file work-v6.cif (mmCIF, C-alpha atoms and all ligand atoms)
data_start
loop_
_atom_site.label_atom_id
_atom_site.label_comp_id
_atom_site.auth_asym_id
_atom_site.auth_seq_id
_atom_site.Cartn_x
_atom_site.Cartn_y
_atom_site.Cartn_z
CA MET A 1 118.65 82.11 83.12
CA TYR A 2 119.42 79.21 85.38
CA TYR A 3 120.19 75.64 84.44
CA HIS A 4 118.33 72.98 86.37
CA ASP A 5 121.44 70.83 86.72
CA GLU A 6 123.09 73.54 88.77
CA THR A 7 123.01 72.67 92.42
CA THR A 8 122.25 76.24 93.37
CA ALA A 9 119.71 76.92 90.64
CA ASP A 10 116.68 76.83 92.91
CA ALA A 11 118.33 79.02 95.50
CA LEU A 12 119.51 81.51 92.91
CA GLU A 13 116.10 81.63 91.27
CA ALA A 14 114.39 82.18 94.61
CA TRP A 15 116.87 84.93 95.42
CA SER A 16 116.33 86.53 92.03
CA ASP A 17 112.53 86.28 92.33
CA SER A 18 112.53 87.85 95.77
CA ARG A 19 114.72 90.71 94.56
CA ARG A 20 112.40 91.29 91.61
CA GLU A 21 109.38 91.34 93.91
CA ALA A 22 111.13 93.76 96.26
CA ASP A 23 112.05 96.02 93.33
CA LEU A 24 108.45 96.01 92.10
CA GLY A 25 107.18 96.80 95.58
CA GLN A 26 109.72 99.58 95.92
CA SER A 27 108.70 101.10 92.59
CA VAL A 28 105.05 101.14 93.67
CA LEU A 29 106.01 102.96 96.88
CA GLU A 30 108.22 105.41 94.98
CA ALA A 31 105.40 106.21 92.58
CA ARG A 32 103.04 106.84 95.50
CA ALA A 33 105.60 109.04 97.25
CA ASN A 34 106.28 111.01 94.06
CA ARG A 35 102.55 111.59 93.58
CA LEU A 36 102.18 112.75 97.20
CA TYR A 37 105.21 115.04 96.82
CA ALA A 38 103.78 116.58 93.64
CA HIS A 39 100.44 117.12 95.41
CA GLU A 40 102.22 118.85 98.28
CA GLN A 41 104.35 120.94 95.92
CA ALA A 42 101.13 122.07 94.25
CA GLY A 43 100.12 123.50 97.65
CA PHE A 44 97.83 120.77 98.93
CA CYS A 45 98.06 118.87 102.21
CA THR A 46 98.67 115.13 102.04
CA HIS A 47 97.44 114.47 105.63
CA GLN A 48 100.30 112.05 106.31
CA SER A 49 100.42 112.74 110.05
CA ALA A 50 97.83 113.46 112.70
CA VAL A 51 97.22 113.43 116.42
CA GLY A 52 94.25 111.89 118.18
CA TYR A 53 92.16 112.98 121.11
CA ARG A 54 93.55 112.61 124.62
CA PRO A 55 91.68 113.59 127.81
CA THR A 56 94.79 115.52 128.79
CA PRO A 57 96.37 116.93 125.62
CA PHE A 58 100.02 116.06 125.21
CA TYR A 59 100.58 118.21 122.13
CA ASP A 60 99.12 121.62 121.32
CA ALA A 61 97.45 120.05 118.27
CA GLN A 62 95.37 117.83 120.58
CA LYS A 63 93.76 120.77 122.33
CA GLY A 64 90.06 121.14 121.56
CA LEU A 65 89.65 117.66 120.09
CA LYS A 66 86.62 115.62 121.14
CA PRO A 67 86.82 111.87 121.88
CA GLY A 68 87.60 109.94 118.71
CA GLN A 69 88.65 112.96 116.68
CA TYR A 70 91.97 113.36 114.87
CA ARG A 71 93.69 116.53 113.68
CA CYS A 72 96.03 116.71 110.72
CA THR A 73 99.50 117.92 111.67
CA ASP A 74 100.91 117.66 108.17
CA GLY A 75 99.98 121.11 107.02
CA CYS A 76 96.26 121.89 107.12
CA GLY A 77 95.01 121.33 110.68
CA THR A 78 91.81 119.69 109.47
CA THR A 79 89.84 117.93 112.22
CA PHE A 80 88.56 114.48 111.30
CA ASP A 81 85.60 112.90 113.12
CA ASP A 82 87.35 109.57 113.56
CA GLU A 83 90.48 107.61 112.67
CA LEU A 84 88.88 106.10 109.57
CA ALA A 85 88.12 109.54 108.15
CA TRP A 86 91.74 110.57 108.64
CA VAL A 87 93.07 107.31 107.17
CA ASP A 88 90.81 107.74 104.13
CA ALA A 89 92.04 111.31 103.65
CA SER A 90 95.68 110.28 104.03
CA GLN A 91 95.27 107.41 101.56
CA ASP A 92 93.51 109.59 98.98
CA PRO A 93 94.29 113.28 99.57
CA TYR A 94 93.49 113.98 95.90
CA ARG A 95 89.75 113.32 96.23
CA SER A 96 89.10 116.41 98.37
CA PRO A 97 92.23 118.59 98.11
CA VAL A 98 92.86 120.89 101.07
CA ARG A 99 95.27 123.80 100.78
CA ILE A 100 98.29 123.77 103.07
CA ARG A 101 98.08 126.50 105.67
CA ARG A 102 100.92 126.37 108.14
CA ALA A 103 100.07 129.57 110.02
CA GLY A 104 97.64 129.13 112.87
CA ILE A 105 97.87 125.35 112.97
CA PRO A 106 98.42 123.85 116.42
CA THR A 107 101.86 122.33 116.56
CA TRP A 108 103.49 119.17 117.79
CA LYS A 109 104.93 121.21 120.66
CA SER A 110 104.30 119.39 123.91
CA THR A 111 101.96 120.98 126.40
CA SER A 112 104.00 119.45 129.21
CA PRO A 113 107.34 121.11 130.01
CA ALA A 114 108.61 117.88 131.61
CA ALA A 115 107.77 115.69 128.62
CA SER A 116 110.56 114.06 126.74
CA PRO A 117 110.73 115.00 123.05
CA HIS A 118 111.33 111.32 122.30
CA MET A 119 108.28 110.13 124.17
CA ASP A 120 105.75 108.23 122.09
CA PRO A 121 102.31 109.69 122.89
CA GLU A 122 100.69 106.33 122.03
CA GLU A 123 102.53 104.74 124.95
CA THR A 124 100.91 107.05 127.45
CA LEU A 125 97.30 106.47 126.43
ZN ZN B 201 96.13 117.83 106.22
#

call {"tool": "encode", "arguments": {"input": "work-v6.cif", "output": "structure tokens", "more": "lines below"}}
Ligand SMILES: [Zn+2]
result
Amino acid sequence: MYYHDETTADALEAWSDSRREADLGQSVLEARANRLYAHEQAGFCTHQSAVGYRPTPFYDAQKGLKPGQYRCTDGCGTTFDDELAWVDASQDPYRSPVRIRRAGIPTWKSTSPAASPHMDPEETL
């Protein structure tokens, strides 16, 4: 509760409102993360990371991809026809659950021995 005759009332109220909004936003993100974690703990992939096609594969997981395709690197290795398909699957992995299968999935390991592990593959496209 702020009194309007306080010189700092507006500033304090704005500060309080922004903190409340940040807390609400944070709780929404936490709920989403908890739901994704529970889905993963139940043995299903959440498709939260992927690699896209490159003419010259940088990572093992990019091998065999066709132009426009993406491959999940989060735990299932599913190949998506385009970025939108992967984004849809990562936003709603509950609609078509895919079991996690770590064995046999191409990895993030670079195909180039000279490549820096800190190199952003998006920068080289
Ligand atoms: Zn996946």

call {"tool": "residues_near_ligand", "arguments": {"input": "work-v6.cif", "ligand": "ligand ZN 201 (chain B)", "cutoff": "6 Å", "atoms": "all atoms listed in the file", "output": "PyMOL selection string"}}
result
chain A and resi 45-47+72+74-78

call {"tool": "residues_around", "arguments": {"input": "work-v6.cif", "residues": "A:Tyr70", "least_positions_apart": "4", "cutoff": "7 Å", "atoms": "only C-alpha atoms", "output": "list in words"}}
result
Ala50, Val51, Gly52, Tyr53, Thr79, Phe80, Asp81, Asp82, Glu83 and Trp86 of chain A

call {"tool": "axis_aligned_box", "arguments": {"input": "work-v6.cif", "around": "stretch 87-91 of chain A", "padding_each_side": "5 Å", "output": "lines of an AutoDock Vina configuration file"}}
result
center_x = 93.2
center_y = 109.3
center_z = 104.4
size_x = 14.9
size_y = 14.0
size_z = 15.6

call {"tool": "closest_residue", "arguments": {"input": "work-v6.cif", "among": "A:Ala11, A:Ala61, A:Leu36, A:Ala31", "to": "A:Ser90", "atoms": "all atoms listed in the file"}}
result
A:Leu36

call {"tool": "atom_distance", "arguments": {"input": "work-v6.cif", "atom1": "atom CA of A:Ser96", "atom2": "atom CA of A:Gly64"}}
result
23.7 Å

call {"tool": "atom_distance", "arguments": {"input": "work-v6.cif", "atom1": "atom CA of A:Val87", "atom2": "atom CA of A:Gln48"}}
result
8.7 Å

call {"tool": "closest_residue", "arguments": {"input": "work-v6.cif", "among": "A:Gln62, A:Thr73, A:Gln91, A:Ala14", "to": "A:Ala33", "atoms": "only C-alpha atoms"}}
result
A:Gln91

call {"tool": "atom_distance", "arguments": {"input": "work-v6.cif", "atom1": "atom CA of A:Glu40", "atom2": "atom CA of A:Val98"}}
result
10.0 Å

call {"tool": "closest_residue", "arguments": {"input": "work-v6.cif", "among": "A:Ile100, A:Ala9, A:Pro93, A:Ala85", "to": "A:Arg35", "atoms": "all atoms listed in the file"}}
result
A:Pro93

call {"tool": "closest_residue", "arguments": {"input": "work-v6.cif", "among": "A:Asp17, A:Lys63, A:Leu24, A:Ala89", "to": "A:Ser49", "atoms": "all atoms listed in the file"}}
result
A:Ala89

call {"tool": "closest_residue", "arguments": {"input": "work-v6.cif", "among": "A:Lys66, A:Arg19, A:Arg54, A:Arg99", "to": "A:His39", "atoms": "all atoms listed in the file"}}
result
A:Arg99
